[in-house]
Amino acid sequence: MIKPDLDLLKDQKLARRLMGAFLASGRLPHALLFSGIGGSGKKAAAVAFAMACNCRAAEAKEMRASGKALWNGLPCGDCAPCRKILSGNHPDILVVDAGGNTIKIERIRRLCQDLSLKPYEGDRRIAVILDAPRMTPEAANALLKVLEEPPPETLLILTATQRSDLLPTLASRCHPVNFHPLSEGRIATILERRCGISADAAATLAAMAHGSLSRALALADSPADAAEWQHRREVVFSAAGLDHPDARISQPLTVALVFAERLSLEKAGIPETLEILQSLLRDTMVLHWRSGHVFNKDLIEKLQYASQHIHPDVLLAQMTAVQHAERDLTANVNPRLVLEKLMIELRDACDEKDRRHPL
Ligand SMILES: [Zn+2]
């Protein structure tokens with residue numbers, strides 16, 4: 001288990017306040033669902049929360065006893081239970097980490113057996129299921145039985161990108177705790193400290209990471225990936241017609257379809273490409289209303305130009321088309337078909353607008 005970086009949690013004020021209130025009240029729900037994008041601190045928060053529940057530092061004891069809903073400087077990270085949890089050796093903290101694979105029923109059955117035993121050292125047993133939507137339907141049903149009749153002195157913490165990724169029957173039995181994308185400033189600070197890179201380099205990588213520390217760290221690890229990301233964004237920018245928004249005649253359909261075909265060949269990169277496209281469209285929309293945070297700050301002049309020439313209805317229709325494409329991909333529809341349909345819908349959104357609002 002990696003040591004949770006508590007700096008990560010500084011941006012998650014709501015989550016921290018909620019967890020502090022649970023600790024202070026002494027009445028924990030049976031299950032929590034941490035949801036937010038990858039790299040927003042869910043795993044660190046789960047580990048830190050397990051530590052705070054068991055921490056023997058005077059401040060932690062006092063906080064739990066006095067009902068102070070604060071969580072500053074806690075857990076201590078230094079007492080025996082904190083250290084055991086950090087090293088992954090605390091017998092009452094159980095972590096299920098499929099590492100990108102599916103979570104099978106055998107694993108959940110084993111967890112349920114462990115949870116039925118009394119805690120060895122702590123006041124309660126805490127099970128953390130990372131990336132819970134990776135559970136097979138059978139595994140999810142086995143877990144549901146535990147959630148319907150939770151053993152005493154247990155706390156389950158599930159993590160997911162979105163609440164809706166989990167079976168509704170599971171999600172409805174968990175108390176929601178939402179995690180926001182991290183701020184660029186926070187990511188840059190952590191990058192500088194962890195990777196020893198310059199403030200400028202850290203700021204550039206932080207802007208590319210869209211609120212995810214894990215993505216920022218991956219980019220910092222591989223300059224080639226960072227350059228590839230920049231290039232990919234340029235291609236997407238132009239494929240979406242954002243570079244010539246005033247032309248009003250989008251590129252020929254054949255060109256768009258060739259782009260779709262080329263993109264479908266590198267299957268692993270498709271989700272990232274769609275995410276980049278979504279962030280560019282979102283930024284253009286945000287600039288139209290002159291409000292909110294822009295992700296692609298380095299492109300702000302180009303995006304501003306695009307926002308002056310593209311009607312918000314078009315952007316909205318295009319963003320919906322991207323969402324549909326993302327949904328179809330997770331449903332295992334053929335990537336090439338998904339991308340072709342997307343390219344057609346992106347163009348249709350412009351044409352539709354032209355018909356309804358002729359110049
Ligand atoms: Zn401690």
# chains A, B, ... in the order shown; residues from 1 in each chain; ligands from 1
$ residues_near_ligand --ligand "ligand 1" --cutoff "9 Å" --atoms "only C-alpha atoms and all ligand atoms" --output "list of chain:residue names"
A:Met51, A:Ala52, A:Asn54, A:Cys55, A:Arg56, A:Ala57, A:Ala58, A:Ala60, A:Leu74, A:Pro75, A:Cys76, A:Gly77, A:Asp78, A:Cys79, A:Ala80, A:Pro81, A:Cys82, A:Arg83
$ write_last_selection --atoms "N, CA, C and O atoms" --output "short mmCIF file (atom, residue, chain, number, x, y, z; two decimals), in the first residue's frame"
data_model
loop_
_atom_site.label_atom_id
_atom_site.label_comp_id
_atom_site.auth_asym_id
_atom_site.auth_seq_id
_atom_site.Cartn_x
_atom_site.Cartn_y
_atom_site.Cartn_z
N MET A 51 -7.14 5.29 9.08
CA MET A 51 -6.15 5.69 10.08
C MET A 51 -6.79 6.56 11.15
O MET A 51 -6.58 6.37 12.36
N ALA A 52 -7.60 7.54 10.70
CA ALA A 52 -8.21 8.46 11.67
C ALA A 52 -9.14 7.73 12.62
O ALA A 52 -9.27 8.09 13.79
N ASN A 54 -8.64 4.82 13.78
CA ASN A 54 -7.83 4.01 14.70
C ASN A 54 -6.70 4.77 15.38
O ASN A 54 -6.02 4.20 16.24
N CYS A 55 -6.48 6.01 14.98
CA CYS A 55 -5.32 6.77 15.43
C CYS A 55 -5.34 6.92 16.96
O CYS A 55 -6.38 7.16 17.56
N ARG A 56 -4.15 6.75 17.57
CA ARG A 56 -4.08 6.86 19.04
C ARG A 56 -3.50 8.19 19.49
O ARG A 56 -3.26 8.38 20.68
N ALA A 57 -3.23 9.09 18.55
CA ALA A 57 -2.69 10.40 18.94
C ALA A 57 -3.72 11.10 19.83
O ALA A 57 -4.93 10.94 19.63
N ALA A 58 -3.22 11.90 20.77
CA ALA A 58 -4.11 12.55 21.73
C ALA A 58 -5.19 13.37 21.02
O ALA A 58 -6.36 13.32 21.37
N ALA A 60 -6.48 12.97 18.11
CA ALA A 60 -7.49 12.13 17.46
C ALA A 60 -8.48 11.62 18.49
O ALA A 60 -9.70 11.66 18.28
N LEU A 74 -4.87 15.35 10.99
CA LEU A 74 -5.17 13.98 11.38
C LEU A 74 -5.31 13.10 10.16
O LEU A 74 -5.76 13.57 9.14
N PRO A 75 -5.01 11.85 10.25
CA PRO A 75 -4.41 11.14 11.37
C PRO A 75 -2.94 11.49 11.53
O PRO A 75 -2.35 12.12 10.66
N CYS A 76 -2.34 11.03 12.67
CA CYS A 76 -0.97 11.47 12.96
C CYS A 76 0.05 10.79 12.05
O CYS A 76 1.08 11.36 11.74
N GLY A 77 -0.27 9.57 11.61
CA GLY A 77 0.65 8.85 10.72
C GLY A 77 1.83 8.23 11.46
O GLY A 77 2.69 7.62 10.83
N ASP A 78 1.84 8.40 12.78
CA ASP A 78 3.04 8.04 13.53
C ASP A 78 2.79 7.00 14.63
O ASP A 78 3.70 6.30 15.03
N CYS A 79 1.53 6.92 15.12
CA CYS A 79 1.26 5.97 16.21
C CYS A 79 1.24 4.55 15.63
O CYS A 79 1.28 4.36 14.42
N ALA A 80 1.16 3.55 16.51
CA ALA A 80 1.26 2.16 16.04
C ALA A 80 0.16 1.80 15.03
O ALA A 80 0.47 1.28 13.95
N PRO A 81 -1.14 2.09 15.34
CA PRO A 81 -2.16 1.72 14.35
C PRO A 81 -1.97 2.45 13.00
O PRO A 81 -2.09 1.83 11.95
N CYS A 82 -1.63 3.76 13.07
CA CYS A 82 -1.42 4.52 11.83
C CYS A 82 -0.34 3.85 10.99
O CYS A 82 -0.48 3.66 9.78
N ARG A 83 0.76 3.50 11.66
CA ARG A 83 1.90 2.92 10.91
C ARG A 83 1.55 1.56 10.33
O ARG A 83 1.94 1.23 9.22
#
$ residues_around --residues "Gly99 of chain A" --least-positions-apart "3" --cutoff "12 Å" --atoms "only C-alpha atoms" --output "PDB file with all heavy atoms, in the first residue's frame"
ATOM      1  N   VAL A  95      -8.126  -4.413   2.161  1.00  0.00           N
ATOM      2  CA  VAL A  95      -8.209  -3.635   0.911  1.00  0.00           C
ATOM      3  C   VAL A  95      -8.335  -4.593  -0.279  1.00  0.00           C
ATOM      4  O   VAL A  95      -7.541  -5.525  -0.417  1.00  0.00           O
ATOM      5  CB  VAL A  95      -6.960  -2.734   0.725  1.00  0.00           C
ATOM      6  CG1 VAL A  95      -7.056  -1.954  -0.579  1.00  0.00           C
ATOM      7  CG2 VAL A  95      -6.826  -1.768   1.893  1.00  0.00           C
ATOM      8  N   VAL A  96      -9.350  -4.379  -1.093  1.00  0.00           N
ATOM      9  CA  VAL A  96      -9.506  -5.154  -2.327  1.00  0.00           C
ATOM     10  C   VAL A  96      -9.113  -4.245  -3.479  1.00  0.00           C
ATOM     11  O   VAL A  96      -9.771  -3.237  -3.731  1.00  0.00           O
ATOM     12  CB  VAL A  96     -10.970  -5.626  -2.510  1.00  0.00           C
ATOM     13  CG1 VAL A  96     -11.137  -6.346  -3.849  1.00  0.00           C
ATOM     14  CG2 VAL A  96     -11.389  -6.523  -1.359  1.00  0.00           C
ATOM     15  N   THR A 102     -11.106  -7.524 -13.235  1.00  0.00           N
ATOM     16  CA  THR A 102     -12.423  -7.615 -12.597  1.00  0.00           C
ATOM     17  C   THR A 102     -12.262  -8.167 -11.180  1.00  0.00           C
ATOM     18  O   THR A 102     -11.299  -8.869 -10.876  1.00  0.00           O
ATOM     19  CB  THR A 102     -13.378  -8.552 -13.375  1.00  0.00           C
ATOM     20  OG1 THR A 102     -12.712  -9.793 -13.561  1.00  0.00           O
ATOM     21  CG2 THR A 102     -13.777  -7.959 -14.697  1.00  0.00           C
ATOM     22  N   ILE A 103     -13.211  -7.812 -10.329  1.00  0.00           N
ATOM     23  CA  ILE A 103     -13.213  -8.324  -8.957  1.00  0.00           C
ATOM     24  C   ILE A 103     -14.190  -9.500  -8.946  1.00  0.00           C
ATOM     25  O   ILE A 103     -15.383  -9.310  -9.197  1.00  0.00           O
ATOM     26  CB  ILE A 103     -13.636  -7.243  -7.949  1.00  0.00           C
ATOM     27  CG1 ILE A 103     -12.719  -6.013  -8.082  1.00  0.00           C
ATOM     28  CG2 ILE A 103     -13.615  -7.792  -6.521  1.00  0.00           C
ATOM     29  CD1 ILE A 103     -13.151  -4.815  -7.248  1.00  0.00           C
ATOM     30  N   ILE A 129     -12.968  -1.277  -1.000  1.00  0.00           N
ATOM     31  CA  ILE A 129     -13.025  -1.925  -2.318  1.00  0.00           C
ATOM     32  C   ILE A 129     -12.741  -0.859  -3.367  1.00  0.00           C
ATOM     33  O   ILE A 129     -13.585   0.000  -3.654  1.00  0.00           O
ATOM     34  CB  ILE A 129     -14.393  -2.580  -2.566  1.00  0.00           C
ATOM     35  CG1 ILE A 129     -14.685  -3.576  -1.451  1.00  0.00           C
ATOM     36  CG2 ILE A 129     -14.420  -3.275  -3.936  1.00  0.00           C
ATOM     37  CD1 ILE A 129     -16.014  -4.283  -1.574  1.00  0.00           C
ATOM     38  N   LEU A 130     -11.519  -0.888  -3.891  1.00  0.00           N
ATOM     39  CA  LEU A 130     -11.118   0.126  -4.862  1.00  0.00           C
ATOM     40  C   LEU A 130     -11.703  -0.216  -6.220  1.00  0.00           C
ATOM     41  O   LEU A 130     -11.719  -1.374  -6.616  1.00  0.00           O
ATOM     42  CB  LEU A 130      -9.584   0.197  -4.943  1.00  0.00           C
ATOM     43  CG  LEU A 130      -8.880   0.597  -3.643  1.00  0.00           C
ATOM     44  CD1 LEU A 130      -7.380   0.385  -3.757  1.00  0.00           C
ATOM     45  CD2 LEU A 130      -9.184   2.051  -3.283  1.00  0.00           C
ATOM     46  N   ASP A 131     -12.194   0.825  -6.923  1.00  0.00           N
ATOM     47  CA  ASP A 131     -12.753   0.610  -8.256  1.00  0.00           C
ATOM     48  C   ASP A 131     -13.874  -0.438  -8.217  1.00  0.00           C
ATOM     49  O   ASP A 131     -13.863  -1.422  -8.970  1.00  0.00           O
ATOM     50  CB  ASP A 131     -11.621   0.138  -9.195  1.00  0.00           C
ATOM     51  CG  ASP A 131     -11.748   0.773 -10.560  1.00  0.00           C
ATOM     52  OD1 ASP A 131     -12.779   1.417 -10.810  1.00  0.00           O
ATOM     53  OD2 ASP A 131     -10.824   0.611 -11.368  1.00  0.00           O
ATOM     54  N   ALA A 132     -14.830  -0.217  -7.307  1.00  0.00           N
ATOM     55  CA  ALA A 132     -15.897  -1.196  -7.066  1.00  0.00           C
ATOM     56  C   ALA A 132     -16.708  -1.590  -8.314  1.00  0.00           C
ATOM     57  O   ALA A 132     -17.171  -2.715  -8.394  1.00  0.00           O
ATOM     58  CB  ALA A 132     -16.826  -0.677  -5.971  1.00  0.00           C
ATOM     59  N   ARG A 134     -15.710  -2.592 -10.898  1.00  0.00           N
ATOM     60  CA  ARG A 134     -15.052  -3.732 -11.547  1.00  0.00           C
ATOM     61  C   ARG A 134     -15.542  -5.078 -11.007  1.00  0.00           C
ATOM     62  O   ARG A 134     -15.105  -6.129 -11.466  1.00  0.00           O
ATOM     63  CB  ARG A 134     -13.536  -3.640 -11.393  1.00  0.00           C
ATOM     64  CG  ARG A 134     -12.939  -2.544 -12.229  1.00  0.00           C
ATOM     65  CD  ARG A 134     -11.473  -2.685 -12.395  1.00  0.00           C
ATOM     66  NE  ARG A 134     -10.979  -1.663 -13.289  1.00  0.00           N
ATOM     67  CZ  ARG A 134     -10.933  -1.800 -14.613  1.00  0.00           C
ATOM     68  NH1 ARG A 134     -11.322  -2.918 -15.169  1.00  0.00           N
ATOM     69  NH2 ARG A 134     -10.500  -0.812 -15.370  1.00  0.00           N
ATOM     70  N   MET A 135     -16.422  -5.054 -10.006  1.00  0.00           N
ATOM     71  CA  MET A 135     -16.980  -6.313  -9.504  1.00  0.00           C
ATOM     72  C   MET A 135     -17.842  -6.957 -10.583  1.00  0.00           C
ATOM     73  O   MET A 135     -18.608  -6.269 -11.264  1.00  0.00           O
ATOM     74  CB  MET A 135     -17.865  -6.039  -8.268  1.00  0.00           C
ATOM     75  CG  MET A 135     -17.076  -5.809  -7.005  1.00  0.00           C
ATOM     76  SD  MET A 135     -18.155  -5.704  -5.564  1.00  0.00           S
ATOM     77  CE  MET A 135     -18.928  -4.108  -5.834  1.00  0.00           C
TER      78      MET A 135
END
$ select_by_dssp --residues "segment 35-129 of chain A" --states "strand (DSSP E or B)" --output "list in words"
Ser35, Ile93, Leu94, Val95, Val96, Asp97, Ile103, Arg125, Ile126, Ala127, Val128 and Ile129 of chain A
$ residues_around --residues "Ser279 of chain A" --least-positions-apart "3" --cutoff "10 Å" --atoms "only C-alpha atoms" --output "ChimeraX atom specification"
/A:210,273-276,282-285,294-296,319
$ residues_around --residues "Phe49 of chain A" --least-positions-apart "2" --cutoff "12 Å" --atoms "only C-alpha atoms" --output "MDAnalysis selection string"
chainID A and resid 4 6 9 15:23 28 32 34 41:47 51:55 60 71 74:77 82 85:86 93 126:128 155:157
$ residues_around --residues "His30 of chain A" --least-positions-apart "3" --cutoff "10 Å" --atoms "only C-alpha atoms" --output "PyMOL selection string"
chain A and resi 27+126+146-157+173-175
$ write_last_selection --atoms "N, CA and C atoms" --output "tab-separated table (two decimals), in the first residue's frame"
chain	number	residue	atom	x	y	z
A	27	ARG	N	-20.78	7.86	15.08
A	27	ARG	CA	-21.74	6.97	14.42
A	27	ARG	C	-21.40	6.93	12.93
A	126	ILE	N	-12.56	-2.41	8.72
A	126	ILE	CA	-12.83	-1.52	7.60
A	126	ILE	C	-12.40	-2.21	6.31
A	146	VAL	N	-24.16	-8.43	2.09
A	146	VAL	CA	-23.50	-7.87	3.28
A	146	VAL	C	-24.08	-6.48	3.59
A	147	LEU	N	-24.32	-5.72	2.52
A	147	LEU	CA	-24.83	-4.36	2.74
A	147	LEU	C	-26.26	-4.37	3.26
A	148	GLU	N	-27.01	-5.42	2.89
A	148	GLU	CA	-28.39	-5.50	3.37
A	148	GLU	C	-28.42	-5.84	4.86
A	149	GLU	N	-27.49	-6.70	5.28
A	149	GLU	CA	-27.41	-7.05	6.71
A	149	GLU	C	-25.97	-6.93	7.16
A	150	PRO	N	-25.51	-5.69	7.35
A	150	PRO	CA	-24.09	-5.52	7.66
A	150	PRO	C	-23.73	-6.10	9.02
A	151	PRO	N	-22.60	-6.83	9.10
A	151	PRO	CA	-22.17	-7.31	10.42
A	151	PRO	C	-21.86	-6.11	11.31
A	152	PRO	N	-21.99	-6.24	12.64
A	152	PRO	CA	-21.69	-5.09	13.50
A	152	PRO	C	-20.21	-4.73	13.39
A	153	GLU	N	-19.90	-3.52	13.74
A	153	GLU	CA	-18.51	-3.06	13.80
A	153	GLU	C	-17.76	-3.20	12.47
A	154	THR	N	-18.48	-2.96	11.39
A	154	THR	CA	-17.78	-2.97	10.10
A	154	THR	C	-18.09	-1.69	9.34
A	155	LEU	N	-17.13	-1.27	8.53
A	155	LEU	CA	-17.35	-0.14	7.63
A	155	LEU	C	-16.82	-0.54	6.26
A	156	LEU	N	-17.65	-0.36	5.26
A	156	LEU	CA	-17.21	-0.64	3.89
A	156	LEU	C	-16.99	0.70	3.18
A	157	ILE	N	-15.88	0.82	2.49
A	157	ILE	CA	-15.66	2.02	1.68
A	157	ILE	C	-15.47	1.56	0.24
A	173	ARG	N	-27.30	1.95	-0.93
A	173	ARG	CA	-27.02	1.56	0.46
A	173	ARG	C	-25.72	2.17	1.00
A	174	CYS	N	-25.09	3.01	0.18
A	174	CYS	CA	-23.84	3.63	0.61
A	174	CYS	C	-24.03	5.13	0.79
A	175	HIS	N	-23.43	5.68	1.81
A	175	HIS	CA	-23.49	7.13	1.99
A	175	HIS	C	-22.53	7.79	0.98
$ select_by_dssp --residues "segment 68-187 of chain A" --states "helix (DSSP H, G or I)" --output "ChimeraX atom specification"
/A:80-86,105-116,132-134,137-148,163-165,168-171,184-187
$ write_last_selection --atoms "N, CA and C atoms" --output "short mmCIF file (atom, residue, chain, number, x, y, z; two decimals), in the first residue's frame"
data_model
loop_
_atom_site.label_atom_id
_atom_site.label_comp_id
_atom_site.auth_asym_id
_atom_site.auth_seq_id
_atom_site.Cartn_x
_atom_site.Cartn_y
_atom_site.Cartn_z
N ALA A 80 1.16 3.55 16.51
CA ALA A 80 1.26 2.16 16.04
C ALA A 80 0.16 1.80 15.03
N PRO A 81 -1.14 2.09 15.34
CA PRO A 81 -2.16 1.72 14.35
C PRO A 81 -1.97 2.45 13.00
N CYS A 82 -1.63 3.76 13.07
CA CYS A 82 -1.42 4.52 11.83
C CYS A 82 -0.34 3.85 10.99
N ARG A 83 0.76 3.50 11.66
CA ARG A 83 1.90 2.92 10.91
C ARG A 83 1.55 1.56 10.33
N LYS A 84 0.79 0.78 11.10
CA LYS A 84 0.39 -0.54 10.60
C LYS A 84 -0.50 -0.39 9.36
N ILE A 85 -1.40 0.57 9.41
CA ILE A 85 -2.31 0.76 8.26
C ILE A 85 -1.51 1.22 7.05
N LEU A 86 -0.57 2.14 7.28
CA LEU A 86 0.25 2.64 6.17
C LEU A 86 1.05 1.52 5.51
N ILE A 105 -16.19 -13.10 -7.64
CA ILE A 105 -17.03 -13.45 -6.48
C ILE A 105 -16.22 -14.10 -5.35
N GLU A 106 -15.19 -14.89 -5.73
CA GLU A 106 -14.39 -15.56 -4.69
C GLU A 106 -13.75 -14.53 -3.76
N ARG A 107 -13.27 -13.42 -4.36
CA ARG A 107 -12.60 -12.38 -3.57
C ARG A 107 -13.59 -11.73 -2.61
N ILE A 108 -14.81 -11.47 -3.10
CA ILE A 108 -15.82 -10.82 -2.25
C ILE A 108 -16.30 -11.79 -1.17
N ARG A 109 -16.42 -13.08 -1.53
CA ARG A 109 -16.82 -14.08 -0.50
C ARG A 109 -15.79 -14.13 0.63
N ARG A 110 -14.52 -14.10 0.24
CA ARG A 110 -13.45 -14.15 1.25
C ARG A 110 -13.54 -12.91 2.15
N LEU A 111 -13.80 -11.78 1.52
CA LEU A 111 -13.91 -10.53 2.28
C LEU A 111 -15.08 -10.62 3.26
N CYS A 112 -16.21 -11.16 2.79
CA CYS A 112 -17.39 -11.26 3.65
C CYS A 112 -17.10 -12.15 4.86
N GLN A 113 -16.35 -13.23 4.61
CA GLN A 113 -15.98 -14.12 5.73
C GLN A 113 -15.14 -13.36 6.75
N ASP A 114 -14.16 -12.62 6.25
CA ASP A 114 -13.28 -11.84 7.14
C ASP A 114 -14.10 -10.83 7.94
N LEU A 115 -15.09 -10.22 7.28
CA LEU A 115 -15.88 -9.18 7.95
C LEU A 115 -16.79 -9.76 9.02
N SER A 116 -17.09 -11.06 8.90
CA SER A 116 -17.99 -11.65 9.89
C SER A 116 -17.26 -11.91 11.22
N ALA A 132 -14.83 -0.22 -7.31
CA ALA A 132 -15.90 -1.20 -7.07
C ALA A 132 -16.71 -1.59 -8.31
N PRO A 133 -16.88 -0.68 -9.31
CA PRO A 133 -17.63 -1.12 -10.51
C PRO A 133 -16.96 -2.27 -11.25
N ARG A 134 -15.71 -2.59 -10.90
CA ARG A 134 -15.05 -3.73 -11.55
C ARG A 134 -15.54 -5.08 -11.01
N PRO A 137 -21.09 -9.14 -11.86
CA PRO A 137 -22.45 -9.10 -11.28
C PRO A 137 -22.59 -10.05 -10.10
N GLU A 138 -21.95 -11.22 -10.17
CA GLU A 138 -22.05 -12.20 -9.06
C GLU A 138 -21.38 -11.62 -7.80
N ALA A 139 -20.21 -11.00 -8.00
CA ALA A 139 -19.50 -10.42 -6.86
C ALA A 139 -20.32 -9.29 -6.25
N ALA A 140 -20.92 -8.46 -7.11
CA ALA A 140 -21.72 -7.33 -6.62
C ALA A 140 -22.91 -7.84 -5.82
N ASN A 141 -23.53 -8.95 -6.27
CA ASN A 141 -24.66 -9.50 -5.53
C ASN A 141 -24.25 -10.06 -4.19
N ALA A 142 -23.04 -10.66 -4.15
CA ALA A 142 -22.55 -11.18 -2.87
C ALA A 142 -22.33 -10.03 -1.90
N LEU A 143 -21.81 -8.91 -2.42
CA LEU A 143 -21.56 -7.75 -1.56
C LEU A 143 -22.89 -7.13 -1.10
N LEU A 144 -23.86 -7.17 -1.99
CA LEU A 144 -25.17 -6.60 -1.66
C LEU A 144 -25.75 -7.27 -0.41
N LYS A 145 -25.55 -8.59 -0.32
CA LYS A 145 -26.08 -9.33 0.86
C LYS A 145 -25.47 -8.75 2.14
N VAL A 146 -24.16 -8.43 2.09
CA VAL A 146 -23.50 -7.87 3.28
C VAL A 146 -24.08 -6.48 3.59
N LEU A 147 -24.32 -5.72 2.52
CA LEU A 147 -24.83 -4.36 2.74
C LEU A 147 -26.26 -4.37 3.26
N GLU A 148 -27.01 -5.42 2.89
CA GLU A 148 -28.39 -5.50 3.37
C GLU A 148 -28.42 -5.84 4.86
N ARG A 163 -21.01 7.55 -9.30
CA ARG A 163 -21.97 6.77 -8.51
C ARG A 163 -22.79 5.85 -9.43
N SER A 164 -23.12 6.38 -10.63
CA SER A 164 -23.98 5.62 -11.53
C SER A 164 -23.27 4.41 -12.15
N ASP A 165 -21.94 4.29 -11.95
CA ASP A 165 -21.23 3.11 -12.47
C ASP A 165 -21.55 1.86 -11.64
N PRO A 168 -27.53 0.27 -8.91
CA PRO A 168 -28.29 1.19 -8.05
C PRO A 168 -28.59 0.59 -6.68
N THR A 169 -28.81 -0.73 -6.63
CA THR A 169 -29.11 -1.35 -5.33
C THR A 169 -27.92 -1.24 -4.38
N LEU A 170 -26.71 -1.28 -4.93
CA LEU A 170 -25.51 -1.12 -4.09
C LEU A 170 -25.34 0.35 -3.70
N ALA A 171 -25.40 1.21 -4.72
CA ALA A 171 -25.14 2.63 -4.49
C ALA A 171 -26.10 3.21 -3.46
N GLU A 184 -5.34 22.80 -10.25
CA GLU A 184 -4.03 22.76 -10.92
C GLU A 184 -2.92 23.14 -9.95
N GLY A 185 -3.20 24.13 -9.10
CA GLY A 185 -2.19 24.59 -8.15
C GLY A 185 -1.75 23.46 -7.22
N ARG A 186 -2.74 22.69 -6.74
CA ARG A 186 -2.44 21.59 -5.82
C ARG A 186 -1.59 20.54 -6.53
N ILE A 187 -2.02 20.18 -7.76
CA ILE A 187 -1.28 19.16 -8.50
C ILE A 187 0.15 19.63 -8.76
#
$ closest_residue --among "A:Asp97, A:Glu228, A:Cys350, A:Gln323" --to "Gly269 of chain A" --atoms "only C-alpha atoms"
A:Glu228
$ closest_residue --among "A:Cys195, A:Leu329, A:Leu158, A:Ala349" --to "Gly36 of chain A" --atoms "only C-alpha atoms"
A:Leu158
$ closest_residue --among "A:Pro271, A:Gly100, A:Leu14, A:Asp92" --to "Pro119 of chain A" --atoms "only C-alpha atoms"
A:Asp92
